[in-house]
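**Q** I'd like to ask some things about the structure below.
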Amino acid sequence: MEVKVKFFSILREVFGTEEKEVELKSGSNILDLLNILCDSPHRHETIFGDSSEPKTYIQIFKNGKPIQSLNGIQTKLGEGDTVAIFPAIFGG
Amino acid sequence: MLTKDEARRYLRQISIFGEEGQTRLKKAKVFIAGVGGLGSVISTYLTVAGIGKLRMVDNDVVALENLNRQILHWDDDIGKKKLESAAEKLKKMNPNVELEVIPETINEATVDNLVGDFDLIVDAMDNFPARYVLNKTALKRKVPFFHGAVHGFYGQATTIIPGKTACLRCIFPHAPAVTPPPVVGVTPGIIGCIQATEVIRYVLGIGDLLENRLLMWDGLNAKMEELPLEKNPECEDCSHR
């Protein structure tokens with residue numbers, strides 16, 4: 001199945017694009033998607049740091065809903081889903 | 001009622017929303033949290049628009065490294081309290097605006113007294129803990145909270161209406177790390193103007209606000225995009241209200 005990923009803010013520079021289509025196995029979830037996207041040490045460090053879970057301030061939406069109100073990083077993905085990923089920015 | 005000075009000063013905008021609209025702006029009481037990059041722009045545009053009363057809170061001192069973006073503070077102001085530096089200029093821009101400045105730090109212990117009975121809270125902070133404190137106060141007081149934030153060439157803004165929209169904690173349940181981010185001055189220029197526009201339109205009751213809309217500015221590629229937002233039914237800050 002194919003999902004669309006949209007990056008915002010500084011993640012556009014980290015991932016080198018505003019959006020991309022990603023091919024996933026049926027039954028994949030958000031964590032599976034992130035592991036595929038983070039295909040370099042820099043990308044992995046940006047999203048995960050030292051943990052096996054994404055940094056808490058990296059916000060992820062599936063089809064407009066924050067994954068916290070779904071099933072977190074275990075949220076299942078389906079054909080045609082759109083996943084938006086952006087960090088909380090805080091400068092003022 | 002507008003004075004002769006006001007009728008002439010605001011002539012070019014009165015032609016859009018009438019003296020009645022201008023009077024609404026004159027009666028508004030807006031709390032601005034911070035007078036740095038965002039706060040410089042927000043306070044400037046709300047002052048020249050004729051907001052009646054502005055209360056500004058910031059406990060910082062002007063430093064050389066602020067001057068690439070905090071446009072209310074100039075070379076001669078280095079070492080001064082930011083509020084003193086800001087108030088000096090704002091008063092000269094528009095003596096009709098009642099300016100209140102409070103050199104304090106915003107936290108759980110101080111926020112209620114600082115916000116007081118002001119009707120709108122504008123986020124010009126540089127950290128999430130203070131933003132969460134303001135978010136909770138806005139929810140408790142049921143007043144709108146105009147969020148903005150910047151990083152490099154990127155920025156974001158949304159307008160939080162307690163009881164109606166996602167609150168800040170719904171959108172960002174966890175605070176990011178606190179290392180000072182890079183900021184190009186034009187970015188708070190754009191985001192601060194967007195926040196000031198939201199305040200003005202809210203007071204006037206016109207247009208569609210950024211309610212449940214997270215506006216994302218990509219200044220590197222000159223793109224403005226939006227993400228739809230919704231309340232988190234399990235939000236620790238707003239779900240029980």
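Each chain in the structure tokens gets a letter, A, B, ..., in the order shown, and its residues are numbered from 1; ligands are numbered from 1 in order too.
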Counting only C-alpha atoms, a student should be able to say which residues of chain A come within 10 Å of chain B; what is the right answer, written as a ChimeraX atom specification?
**A** /A:8-10,12-13,55-61,63-70,84,86-92
**Q** Using the chain letters and numbers from this document, which residues of region 14-75 of chain A does DSSP assign to helix (DSSP H, G or I), as a list in words?
**A**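 Of region 14-75 of chain A, the ones in helix (DSSP H, G or I) are Val14, Phe15, Ile30, Leu31, Asp32, Leu33, Leu34, Asn35, Ile36, Leu37, Pro41, His42, Arg43, His44, Glu45, Thr46, Ile47, Phe48, Ile67, Gln68, Ser69, Gly72, Ile73 and Gln74 of chain A.
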**Q** With C-alpha atoms retained, could you export that selection as an mmCIF file, in the first residue's frame?
**A**
```
data_model
loop_
_atom_site.group_PDB
_atom_site.id
_atom_site.type_symbol
_atom_site.label_atom_id
_atom_site.label_comp_id
_atom_site.auth_asym_id
_atom_site.auth_seq_id
_atom_site.Cartn_x
_atom_site.Cartn_y
_atom_site.Cartn_z
ATOM 1 C CA VAL A 14 16.253 16.919 7.230
ATOM 2 C CA PHE A 15 14.273 14.766 4.823
ATOM 3 C CA ILE A 30 3.242 4.732 12.169
ATOM 4 C CA LEU A 31 6.376 3.297 13.782
ATOM 5 C CA ASP A 32 7.012 1.117 10.732
ATOM 6 C CA LEU A 33 6.665 4.191 8.521
ATOM 7 C CA LEU A 34 9.082 6.205 10.662
ATOM 8 C CA ASN A 35 11.652 3.419 10.591
ATOM 9 C CA ILE A 36 11.518 3.416 6.799
ATOM 10 C CA LEU A 37 11.762 7.218 6.583
ATOM 11 C CA PRO A 41 21.798 8.390 11.183
ATOM 12 C CA HIS A 42 20.888 12.111 10.961
ATOM 13 C CA ARG A 43 17.252 11.411 10.163
ATOM 14 C CA HIS A 44 17.068 8.759 12.837
ATOM 15 C CA GLU A 45 18.617 11.067 15.417
ATOM 16 C CA THR A 46 16.227 13.876 14.484
ATOM 17 C CA ILE A 47 13.115 11.774 14.956
ATOM 18 C CA PHE A 48 14.130 9.232 17.578
ATOM 19 C CA ILE A 67 -1.901 10.056 16.649
ATOM 20 C CA GLN A 68 -2.285 10.619 20.392
ATOM 21 C CA SER A 69 -6.050 10.499 19.851
ATOM 22 C CA GLY A 72 -0.096 6.422 19.095
ATOM 23 C CA ILE A 73 2.787 4.992 17.114
ATOM 24 C CA GLN A 74 0.872 1.694 16.806
#
```
**Q** Please extract the residues of chain A with a backbone DSSP assignment of strand (DSSP E or B) and present them as a ChimeraX atom specification.
**A** /A:2-7,19-23,29,58-62,65-66,76,82-87,91
**Q** Would you put the residues from that selection into a file with C-alpha atoms, as an mmCIF file, in the first residue's frame?
**A**
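This is the output file part11.cif:
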```cif
data_model
loop_
_atom_site.group_PDB
_atom_site.id
_atom_site.type_symbol
_atom_site.label_atom_id
_atom_site.label_comp_id
_atom_site.auth_asym_id
_atom_site.auth_seq_id
_atom_site.Cartn_x
_atom_site.Cartn_y
_atom_site.Cartn_z
ATOM 1 C CA GLU A 2 1.063 3.588 -0.527
ATOM 2 C CA VAL A 3 0.804 6.472 1.925
ATOM 3 C CA LYS A 4 1.665 10.130 1.491
ATOM 4 C CA VAL A 5 3.990 11.741 4.013
ATOM 5 C CA LYS A 6 4.138 15.509 4.428
ATOM 6 C CA PHE A 7 6.984 17.155 6.299
ATOM 7 C CA GLU A 19 6.286 15.353 0.762
ATOM 8 C CA LYS A 20 6.840 11.852 -0.516
ATOM 9 C CA GLU A 21 4.928 8.679 -1.292
ATOM 10 C CA VAL A 22 6.031 5.650 0.705
ATOM 11 C CA GLU A 23 5.319 2.031 -0.116
ATOM 12 C CA ASN A 29 1.793 1.271 11.475
ATOM 13 C CA ILE A 58 7.602 15.412 17.161
ATOM 14 C CA GLN A 59 3.943 15.672 16.311
ATOM 15 C CA ILE A 60 2.391 13.229 13.867
ATOM 16 C CA PHE A 61 -1.058 13.481 12.311
ATOM 17 C CA LYS A 62 -2.799 10.743 10.344
ATOM 18 C CA LYS A 65 -5.899 13.584 13.510
ATOM 19 C CA PRO A 66 -3.032 13.609 16.019
ATOM 20 C CA LYS A 76 -2.342 1.318 11.626
ATOM 21 C CA THR A 82 -1.731 11.106 4.600
ATOM 22 C CA VAL A 83 0.713 11.404 7.475
ATOM 23 C CA ALA A 84 1.947 14.868 8.492
ATOM 24 C CA ILE A 85 5.080 15.099 10.622
ATOM 25 C CA PHE A 86 6.280 18.305 12.286
ATOM 26 C CA PRO A 87 8.235 19.310 15.368
ATOM 27 C CA GLY A 91 11.048 30.455 19.311
#
```
**Q** Work out how far apart CA of Pro103 (chain B) and CA of Thr47 (chain B) are and give it in Å to one decimal.
**A**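 Distance between the two atoms: 19.1 Å.
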**Q** Kindly give the distance, in Å, that separates CA of Val111 (chain B) and CA of Lys81 (chain B), rounded to a single decimal.
**A** 19.8 Å
**Q** For Leu54 (chain B), list every protein, DNA or RNA residue within 6 Å, evaluated using only C-alpha atoms, and leave out those in the same chain fewer than 3 positions away; present the list as an MDAnalysis selection string.
**A** chainID B and resid 29:31 99
**Q** Which distance in Å separates CA of Ala196 (chain B) and CA of Ile51 (chain B), to one decimal?
**A**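 Computed distance, CA of Ala196 (chain B) to CA of Ile51 (chain B), equals 10.5 Å.
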